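Content type mmCIF, C-alpha atoms, from the file input.cif:
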```cif
data_start
#
loop_
_atom_site.label_atom_id
_atom_site.label_comp_id
_atom_site.auth_asym_id
_atom_site.auth_seq_id
_atom_site.Cartn_x
_atom_site.Cartn_y
_atom_site.Cartn_z
CA MET T 15 107.80 131.43 97.13
CA ALA T 16 109.42 131.86 93.72
CA LYS T 17 109.29 129.26 90.97
CA GLY T 18 112.24 126.90 91.36
CA ASP T 19 112.38 127.12 95.16
CA VAL T 20 112.04 123.83 97.04
CA LEU T 21 108.39 123.19 97.93
CA VAL T 22 108.41 119.52 99.04
CA ARG T 23 111.41 117.79 100.60
CA LEU T 24 111.77 114.10 101.42
CA ASP T 25 114.59 113.24 103.80
CA ASN T 26 115.50 109.55 104.09
CA VAL T 27 111.87 108.40 104.11
CA VAL T 28 111.29 104.80 105.20
CA LYS T 29 107.90 103.05 105.25
CA HIS T 30 107.58 99.46 106.47
CA PHE T 31 104.28 97.64 107.04
CA PRO T 32 104.29 95.07 109.86
CA ILE T 33 103.42 91.42 109.21
CA ARG T 34 101.79 89.83 112.22
CA GLY T 35 101.33 86.16 113.03
CA GLY T 36 100.77 83.65 115.79
CA VAL T 37 98.12 83.56 118.47
CA LEU T 38 99.17 86.92 119.93
CA LEU T 39 99.58 88.53 116.50
CA ARG T 40 103.12 89.63 117.21
CA GLN T 41 105.09 91.25 114.43
CA VAL T 42 107.06 88.51 112.66
CA ASP T 43 108.38 90.51 109.72
CA SER T 44 107.62 93.59 107.64
CA VAL T 45 106.92 94.65 104.07
CA LYS T 46 109.72 97.08 103.25
CA ALA T 47 107.82 99.29 100.83
CA VAL T 48 110.03 102.42 100.95
CA ASN T 49 113.66 102.25 102.03
CA GLY T 50 115.41 105.57 102.51
CA VAL T 51 114.13 107.91 99.79
CA SER T 52 115.36 111.51 99.55
CA PHE T 53 114.59 114.14 96.91
CA ASP T 54 113.13 117.63 96.49
CA ILE T 55 110.25 118.90 94.38
CA ARG T 56 110.44 122.53 93.36
CA GLU T 57 107.70 125.11 92.97
CA GLY T 58 106.05 124.73 89.54
CA GLU T 59 107.99 121.55 88.72
CA THR T 60 106.85 118.10 87.63
CA PHE T 61 108.87 115.36 89.29
CA GLY T 62 108.29 112.02 87.58
CA LEU T 63 108.48 108.84 89.66
CA VAL T 64 108.79 105.71 87.55
CA GLY T 65 109.27 102.00 88.20
CA GLU T 66 107.65 98.60 87.91
CA SER T 67 104.44 97.76 89.78
CA GLY T 68 105.11 97.01 93.43
CA CYS T 69 108.25 99.14 93.73
CA GLY T 70 106.68 101.50 96.31
CA LYS T 71 105.67 104.47 94.17
CA SER T 72 102.08 104.79 95.36
CA THR T 73 103.07 104.13 98.98
CA LEU T 74 105.59 106.94 98.75
CA GLY T 75 102.89 109.24 97.35
CA SER T 76 100.67 108.44 100.34
CA VAL T 77 103.49 109.25 102.74
CA VAL T 78 104.18 112.53 100.97
CA LEU T 79 100.52 113.54 101.33
CA GLY T 80 100.45 112.61 105.02
CA LEU T 81 97.98 109.76 104.47
CA ASP T 82 100.53 107.22 105.76
CA ALA T 83 103.03 108.04 108.50
CA PRO T 84 106.65 107.17 107.69
CA THR T 85 108.44 104.56 109.76
CA SER T 86 111.34 107.03 109.84
CA GLY T 87 112.51 110.08 107.95
CA SER T 88 110.51 113.22 107.23
CA VAL T 89 108.46 115.03 104.60
CA THR T 90 108.28 118.81 104.65
CA PHE T 91 106.03 121.10 102.65
CA ASP T 92 107.15 124.72 102.40
CA GLY T 93 109.35 124.08 105.44
CA LYS T 94 106.58 122.51 107.59
CA ASP T 95 106.76 118.86 108.68
CA VAL T 96 103.72 117.20 107.08
CA HIS T 97 103.43 114.50 109.75
CA LYS T 98 103.89 116.75 112.79
CA ALA T 99 101.36 119.38 111.77
CA ARG T 100 98.22 119.58 113.90
CA GLY T 101 94.98 121.54 113.96
CA ALA T 102 94.66 124.49 111.61
CA GLN T 103 98.13 123.98 110.18
CA ARG T 104 97.30 120.39 109.23
CA ARG T 105 94.03 121.43 107.57
CA ASP T 106 95.90 124.08 105.61
CA LEU T 107 98.49 121.53 104.47
CA HIS T 108 95.72 119.19 103.35
CA ARG T 109 94.24 122.00 101.30
CA GLN T 110 97.55 122.84 99.63
CA MET T 111 98.43 119.17 98.90
CA GLN T 112 95.94 117.29 96.74
CA VAL T 113 95.80 114.02 94.78
CA VAL T 114 94.46 112.76 91.46
CA PHE T 115 93.87 109.02 91.71
CA GLN T 116 94.54 106.25 89.22
CA ASP T 117 91.01 104.94 88.81
CA PRO T 118 88.58 107.78 88.00
CA PHE T 119 85.56 105.59 88.75
CA GLU T 120 86.56 104.03 92.07
CA SER T 121 87.71 107.41 93.44
CA LEU T 122 84.33 109.12 92.90
CA ASN T 123 81.33 108.62 95.19
CA PRO T 124 78.57 107.15 92.96
CA ARG T 125 75.86 108.59 95.21
CA MET T 126 77.01 112.19 94.80
CA THR T 127 76.45 114.50 91.86
CA VAL T 128 79.39 116.09 90.10
CA GLU T 129 78.63 119.42 91.79
CA GLU T 130 78.68 117.74 95.22
CA ILE T 131 81.91 115.86 94.44
CA VAL T 132 83.82 118.87 93.13
CA GLY T 133 82.53 121.24 95.80
CA GLU T 134 83.13 118.90 98.73
CA GLY T 135 86.56 120.36 99.54
CA LEU T 136 85.15 123.87 99.71
CA ARG T 137 82.42 122.73 102.10
CA ILE T 138 84.95 120.95 104.33
CA HIS T 139 87.26 123.95 104.59
CA GLY T 140 84.34 126.34 105.04
CA GLY T 141 84.10 130.10 104.65
CA LEU T 142 81.91 130.18 101.53
CA SER T 143 78.15 130.37 101.01
CA LYS T 144 76.23 127.83 98.92
CA GLU T 145 76.01 130.32 96.09
CA GLU T 146 79.74 131.00 96.17
CA ILE T 147 80.52 127.27 96.17
CA HIS T 148 78.16 126.76 93.23
CA ASP T 149 79.86 129.54 91.26
CA ARG T 150 83.33 128.16 92.02
CA VAL T 151 82.28 124.67 90.92
CA MET T 152 80.88 125.97 87.64
CA GLU T 153 84.10 127.88 87.01
CA MET T 154 86.21 124.81 87.78
CA LEU T 155 84.17 122.53 85.52
CA ALA T 156 84.73 124.93 82.65
CA ARG T 157 88.44 125.05 83.46
CA VAL T 158 88.81 121.27 83.05
CA GLY T 159 86.68 121.09 79.89
CA LEU T 160 83.29 120.04 81.28
CA GLU T 161 79.88 121.60 80.63
CA PRO T 162 77.64 123.34 83.22
CA GLY T 163 74.98 120.71 82.54
CA HIS T 164 77.31 118.01 83.85
CA ALA T 165 77.02 119.37 87.40
CA ARG T 166 73.73 117.57 88.18
CA ARG T 167 74.79 114.21 86.74
CA TYR T 168 76.39 111.22 88.49
CA PRO T 169 79.79 109.57 87.86
CA HIS T 170 78.36 106.49 86.07
CA GLU T 171 76.96 108.76 83.36
CA PHE T 172 80.45 109.79 82.17
CA SER T 173 83.26 108.25 80.17
CA GLY T 174 86.60 107.43 81.81
CA GLY T 175 88.23 110.59 80.53
CA GLN T 176 85.36 112.75 81.75
CA ARG T 177 85.49 111.09 85.18
CA GLN T 178 89.19 111.86 85.41
CA ARG T 179 88.42 115.50 84.58
CA ILE T 180 85.97 115.46 87.50
CA GLY T 181 88.73 114.09 89.74
CA ILE T 182 91.11 116.82 88.59
CA ALA T 183 88.46 119.50 89.22
CA ARG T 184 87.91 118.12 92.74
CA ALA T 185 91.64 118.37 93.45
CA LEU T 186 92.03 121.89 92.05
CA ILE T 187 88.91 123.51 93.53
CA VAL T 188 90.66 124.26 96.85
CA GLU T 189 93.55 126.03 95.05
CA PRO T 190 96.42 123.70 96.01
CA ARG T 191 100.07 124.30 95.26
CA PHE T 192 101.12 120.65 94.99
CA ILE T 193 99.34 117.64 93.46
CA VAL T 194 100.26 113.96 93.55
CA CYS T 195 99.16 112.43 90.25
CA ASP T 196 99.05 108.70 91.06
CA GLU T 197 99.14 107.05 87.63
CA PRO T 198 96.32 109.36 86.47
CA VAL T 199 96.08 107.99 82.91
CA SER T 200 96.96 104.29 83.25
CA ALA T 201 93.28 103.27 83.54
CA LEU T 202 92.26 105.29 80.45
CA ASP T 203 92.18 104.46 76.76
CA VAL T 204 95.27 105.58 74.86
CA SER T 205 93.24 108.10 72.86
CA VAL T 206 92.05 109.74 76.10
CA GLN T 207 95.42 109.68 77.87
CA ALA T 208 96.81 112.48 75.69
CA GLN T 209 93.82 114.70 76.48
CA ILE T 210 94.31 114.34 80.24
CA ILE T 211 98.08 114.78 80.04
CA ASN T 212 97.70 117.95 77.97
CA LEU T 213 95.06 119.22 80.41
CA LEU T 214 97.44 118.71 83.37
CA ARG T 215 100.26 120.50 81.53
CA ASP T 216 98.04 123.42 80.49
CA LEU T 217 96.77 123.86 84.05
CA GLN T 218 100.31 123.79 85.38
CA ARG T 219 101.42 126.49 82.95
CA GLN T 220 98.46 128.69 83.90
CA TYR T 221 98.50 128.25 87.68
CA GLY T 222 102.00 127.07 88.60
CA TYR T 223 101.14 123.77 90.29
CA ALA T 224 103.93 121.42 91.33
CA TYR T 225 103.31 117.75 90.47
CA LEU T 226 104.61 114.45 91.75
CA PHE T 227 103.74 112.39 88.70
CA VAL T 228 103.71 108.67 89.49
CA ALA T 229 103.67 106.32 86.49
CA HIS T 230 105.11 103.18 84.98
CA GLY T 231 104.79 104.37 81.37
CA LEU T 232 108.11 105.93 80.40
CA ASN T 233 106.78 107.84 77.41
CA VAL T 234 104.19 109.60 79.57
CA VAL T 235 106.83 110.45 82.17
CA ARG T 236 109.15 111.81 79.48
CA TYR T 237 106.42 114.10 78.15
CA MET T 238 105.30 115.37 81.56
CA SER T 239 108.39 115.60 83.76
CA ASP T 240 111.17 118.09 84.35
CA ARG T 241 113.12 115.57 86.45
CA VAL T 242 112.73 111.83 86.89
CA GLY T 243 113.40 109.51 89.82
CA VAL T 244 113.67 105.81 88.94
CA MET T 245 112.44 103.60 91.78
CA TYR T 246 113.27 99.96 92.44
CA LEU T 247 112.31 97.95 95.53
CA GLY T 248 111.59 101.05 97.57
CA ARG T 249 114.74 102.99 96.61
CA ILE T 250 115.54 105.75 94.16
CA VAL T 251 118.29 104.19 92.04
CA GLU T 252 118.69 107.10 89.60
CA LEU T 253 117.64 110.75 89.61
CA ALA T 254 118.31 113.17 86.76
CA ASP T 255 116.81 115.76 84.43
CA THR T 256 114.39 114.12 82.03
CA ASP T 257 116.45 114.77 78.90
CA ASP T 258 119.59 113.37 80.54
CA ILE T 259 117.95 110.22 81.83
CA PHE T 260 116.49 109.34 78.44
CA ARG T 261 119.61 110.31 76.49
CA GLN T 262 122.18 108.66 78.77
CA PRO T 263 120.69 106.39 81.47
CA LEU T 264 123.26 105.41 84.07
CA HIS T 265 121.75 102.66 86.21
CA PRO T 266 121.40 99.19 84.63
CA TYR T 267 117.75 99.11 85.75
CA THR T 268 117.00 102.41 83.98
CA GLN T 269 118.78 101.11 80.89
CA ALA T 270 116.68 97.93 81.00
CA LEU T 271 113.43 99.92 81.33
CA LEU T 272 114.33 102.02 78.28
CA ASP T 273 115.46 98.97 76.29
CA ALA T 274 112.11 97.31 77.02
CA ILE T 275 110.17 100.04 75.16
CA PRO T 276 109.12 98.30 71.91
CA ASP T 277 110.36 99.95 68.70
CA VAL T 278 108.07 98.86 65.90
CA ASP T 279 110.24 100.64 63.31
CA LYS T 280 113.09 98.18 63.83
CA GLY T 281 113.21 94.95 61.86
CA GLU T 282 113.68 92.82 64.99
CA ASP T 283 111.61 91.26 67.72
CA VAL T 284 110.14 94.33 69.44
CA PHE T 285 110.06 92.48 72.77
CA SER T 286 113.61 91.11 72.65
CA HIS T 287 114.88 93.40 75.43
CA VAL T 288 112.32 92.64 78.14
CA LEU T 289 113.94 92.64 81.59
CA SER T 290 114.31 89.06 82.82
CA GLY T 291 113.31 87.76 86.25
CA ASP T 292 110.80 89.02 88.78
CA VAL T 293 111.05 91.80 91.31
CA PRO T 294 112.25 90.24 94.60
CA SER T 295 109.94 90.17 97.59
CA PRO T 296 109.81 93.43 99.59
CA VAL T 297 109.64 91.24 102.70
CA HIS T 298 113.00 89.56 102.11
CA LEU T 299 115.17 92.08 100.31
CA PRO T 300 118.33 90.86 98.55
CA SER T 301 121.67 91.53 100.20
CA GLY T 302 123.88 94.19 98.65
CA CYS T 303 122.39 96.04 95.70
CA PRO T 304 118.65 95.31 95.48
CA PHE T 305 118.89 95.00 91.68
CA HIS T 306 121.79 92.53 91.57
CA PRO T 307 119.66 89.34 91.10
CA ARG T 308 118.43 90.74 87.75
CA CYS T 309 121.43 92.84 86.74
CA PRO T 310 123.57 91.63 83.81
CA LYS T 311 126.51 93.72 85.07
CA ALA T 312 126.46 92.56 88.71
CA THR T 313 129.79 91.82 90.41
CA ASP T 314 130.64 90.11 93.69
CA LYS T 315 130.63 93.51 95.37
CA CYS T 316 127.08 94.15 94.15
CA ARG T 317 125.93 90.94 95.85
CA THR T 318 127.31 91.85 99.26
CA VAL T 319 127.65 95.64 99.60
CA ALA T 320 124.70 98.02 99.27
CA PRO T 321 125.66 100.99 97.08
CA GLY T 322 125.07 104.57 98.19
CA MET T 323 123.81 107.38 96.03
CA ARG T 324 126.64 109.14 94.21
CA ARG T 325 126.72 112.05 91.77
CA VAL T 326 127.77 111.43 88.17
CA GLY T 327 127.80 114.71 86.32
CA ALA T 328 124.44 116.37 86.95
CA ALA T 329 122.74 113.05 87.76
CA GLN T 330 122.60 110.89 90.88
CA VAL T 331 122.86 107.10 90.68
CA MET T 332 122.94 104.24 93.18
CA CYS T 333 125.36 101.82 91.54
CA HIS T 334 128.87 100.41 92.17
CA LEU T 335 129.74 100.75 88.48
CA TYR T 336 130.46 104.44 89.10
CA ASP T 337 132.79 104.04 92.06
#
```

Please render this file's structure as structure tokens.
Amino acid sequence: MAKGDVLVRLDNVVKHFPIRGGVLLRQVDSVKAVNGVSFDIREGETFGLVGESGCGKSTLGSVVLGLDAPTSGSVTFDGKDVHKARGAQRRDLHRQMQVVFQDPFESLNPRMTVEEIVGEGLRIHGGLSKEEIHDRVMEMLARVGLEPGHARRYPHEFSGGQRQRIGIARALIVEPRFIVCDEPVSALDVSVQAQIINLLRDLQRQYGYAYLFVAHGLNVVRYMSDRVGVMYLGRIVELADTDDIFRQPLHPYTQALLDAIPDVDKGEDVFSHVLSGDVPSPVHLPSGCPFHPRCPKATDKCRTVAPGMRRVGAAQVMCHLYD
């Protein structure tokens, strides 16, 4: 597959979690975490997924990886349905699709050495001797900036940045083509975040990985991503090339997120543009446009009619303002 070809495709993905109650634990409602998401991720591309906490980003990442089954819709990887694959095909998909988690301490087994953690994927998929696995682990540790002596140590002996490097090595050891980076730097000190971001970019340039980069920090997304999807209450409300979305945001929610970035160079209250109100409950979604309760530009139509995704120039936006 050539760089730029579609590698991962989401088609109208919906994920609802049932809420059960009563003596018989019947379903009484549902948490509507993801509500009809569609986009493609191309070979060698970084697709940034941004939005406030609770908007469904991490749930969507789990569905993409096949860890959670969608309520409806489909996810395909290189033309294969991720959730219908069985047997050897499923194992192969799991090898080619990996994840780097948000918390580099909670995601590592404290009872395993670094060599055991990083080499675990190779042992699961089989086909290599102990010596070959050892050599591959040593090579991978060097690739992510760790020393050979680190192999016999345990996760608690490392800093947060080093633990995240271990997590990255574990994901890359099985030679994947696609990696979900689920807020991989949000739990790290600011000084360490740049090191991990630059490591991910350097590895992508060398080996051609495709990333789904999930984050709520817009500056990190801007630096990492080729395209950006802005997510709100389980929906993609705007999708565009990174430069376009930061130069000319179309959706009022995207505009509010960008306005909320503090500018310490301005002689004004740096927090004067914080978005007002709270994200509505994903159990009881608002009628019409999901953003209308917080939108300063909302009209009567926004309160009653749900907008569809429409194309505005090279971008896509879910908003009645562009009818």

Residues within 10 Å of Glu129 (chain T), please, as an mmCIF file with C-alpha atoms, in the coordinates of the input. Count all atoms listed in the file; anything in the same chain fewer than 2 positions from it doesn't count.
```cif
data_model
loop_
_atom_site.group_PDB
_atom_site.id
_atom_site.type_symbol
_atom_site.label_atom_id
_atom_site.label_comp_id
_atom_site.auth_asym_id
_atom_site.auth_seq_id
_atom_site.Cartn_x
_atom_site.Cartn_y
_atom_site.Cartn_z
ATOM 1 C CA MET T 126 77.010 112.190 94.800
ATOM 2 C CA THR T 127 76.450 114.500 91.860
ATOM 3 C CA ILE T 131 81.910 115.860 94.440
ATOM 4 C CA VAL T 132 83.820 118.870 93.130
ATOM 5 C CA GLY T 133 82.530 121.240 95.800
ATOM 6 C CA GLU T 134 83.130 118.900 98.730
ATOM 7 C CA ILE T 147 80.520 127.270 96.170
ATOM 8 C CA HIS T 148 78.160 126.760 93.230
ATOM 9 C CA ARG T 150 83.330 128.160 92.020
ATOM 10 C CA VAL T 151 82.280 124.670 90.920
ATOM 11 C CA MET T 152 80.880 125.970 87.640
ATOM 12 C CA LEU T 155 84.170 122.530 85.520
ATOM 13 C CA PRO T 162 77.640 123.340 83.220
ATOM 14 C CA HIS T 164 77.310 118.010 83.850
ATOM 15 C CA ALA T 165 77.020 119.370 87.400
ATOM 16 C CA ARG T 166 73.730 117.570 88.180
ATOM 17 C CA ARG T 167 74.790 114.210 86.740
ATOM 18 C CA TYR T 168 76.390 111.220 88.490
ATOM 19 C CA ILE T 180 85.970 115.460 87.500
ATOM 20 C CA ARG T 184 87.910 118.120 92.740
#
```

| field | Selection: 12 Å around region 233-237 of chain T, all atoms listed in the file, excl. self and same-chain fewer than 6 positions, as an NGL selection string | value | :T and (60-65 or 195-200 or 204 or 207-212 or 214-215 or 225-227 or 243-244 or 254-261 or 271-272 or 274-276)

Six-sided padding of 3 Å per side, axis-aligned box over region 215-228 of chain T, centre and edges in Å, one decimal, as AutoDock Vina command-line options:
```
--center_x 100.7 --center_y 118.7 --center_z 86.1 --size_x 13.8 --size_y 26.0 --size_z 17.3
```

| Can you list, as a ChimeraX atom specification, every protein, DNA or RNA residue that comes within 10 Å of Gly93 (chain T) when you count all atoms listed in the file, leaving out same-chain residues fewer than 5 positions away? | /T:20-23

Counting all atoms listed in the file, what are the residues of region 235-283 of chain T within 7 Å of region 49-55 of chain T, and for each of them which pair of atoms is the nearest and at what distance in Å, to one decimal? Sort the table by chain and rising number, as CSV.
```
residue,atom,partner,partner_atom,distance
T:Gly248,CA,T:Asn49,CA,5.1
T:Arg249,CA,T:Asn49,CA,5.6
T:Ile250,CA,T:Val51,CA,6.2
```

| message | Translate the PyMOL selection byres ((chain T and resi 94-110) around 7) into a concrete residue list for this structure, as JSON, numbers by chain. | response | {"T": [80, 83, 88, 89, 90, 91, 92, 93, 111, 112, 188, 189, 190, 191, 192]}

| task | Can you give me, as a VMD selection string, the residues this file yields under the PyMOL selection byres ((chain T and resi 87) around 8)? | result | chain T and resid 24 to 28 50 84 to 86 88 to 89

If the PyMOL selection byres ((chain T and resi 117) around 10) were run on this exact file, what residues would it hold? Put them as a compact mmCIF listing (two decimals) with C-alpha atoms, keeping the file's coordinate frame.
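What ended up in selection-v2.txt:
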```txt
# COMPACT_ATOMS: atom_id res chain seq x y z
CA VAL T 114 94.46 112.76 91.46
CA PHE T 115 93.87 109.02 91.71
CA GLN T 116 94.54 106.25 89.22
CA PRO T 118 88.58 107.78 88.00
CA PHE T 119 85.56 105.59 88.75
CA GLU T 120 86.56 104.03 92.07
CA SER T 121 87.71 107.41 93.44
CA LEU T 122 84.33 109.12 92.90
CA GLY T 174 86.60 107.43 81.81
CA ARG T 177 85.49 111.09 85.18
CA GLN T 178 89.19 111.86 85.41
CA GLY T 181 88.73 114.09 89.74
CA ASP T 196 99.05 108.70 91.06
CA GLU T 197 99.14 107.05 87.63
CA PRO T 198 96.32 109.36 86.47
CA VAL T 199 96.08 107.99 82.91
CA SER T 200 96.96 104.29 83.25
CA ALA T 201 93.28 103.27 83.54
CA LEU T 202 92.26 105.29 80.45
```

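Taking CA of Val158 (chain T) as the reference point, CA of Asp240 (chain T) is found at 22.6 Å.
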
| request: Could you check how far CA of Ala185 (chain T) sits from CA of Asp19 (chain T), in Å to one decimal? | output: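 Separating CA of Ala185 (chain T) from CA of Asp19 (chain T) is a distance of 22.6 Å.
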
| task | Please provide as a list in words all residues within 10 Å of Cys303 (chain T), with the sequence filter that same-chain residues fewer than 2 positions apart are discarded (counting only C-alpha atoms). | result |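 Final neighbour list, sorted by chain and number: Val251, Leu299, Pro300, Ser301, Phe305, His306, Pro307, Cys309, Ala312, Lys315, Cys316, Arg317, Thr318, Val319, Ala320, Pro321, Gly322, Met332, Cys333 and His334 of chain T.
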
| Hey, which of T:Glu161, T:Asp149, T:Glu59, T:Asp43 ends up closest to Arg241 (chain T)? Count only C-alpha atoms. |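 Closest to Arg241 (chain T) of all the choices is T:Glu59.
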
| request: Enter the distance from CA of Thr73 (chain T) to CA of Val48 (chain T), in Å, rounded to one decimal. | output: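 About the pair CA of Thr73 (chain T) and CA of Val48 (chain T): they are 7.4 Å apart.
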
| query | Of the candidates T:Arg125, T:Arg137, T:Arg325, T:His265, which one gets nearest to Pro169 (chain T) if we count all atoms listed in the file? | reply |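 Of T:Arg125, T:Arg137, T:Arg325, T:His265, the one nearest Pro169 (chain T) is T:Arg125, counting all atoms listed in the file.
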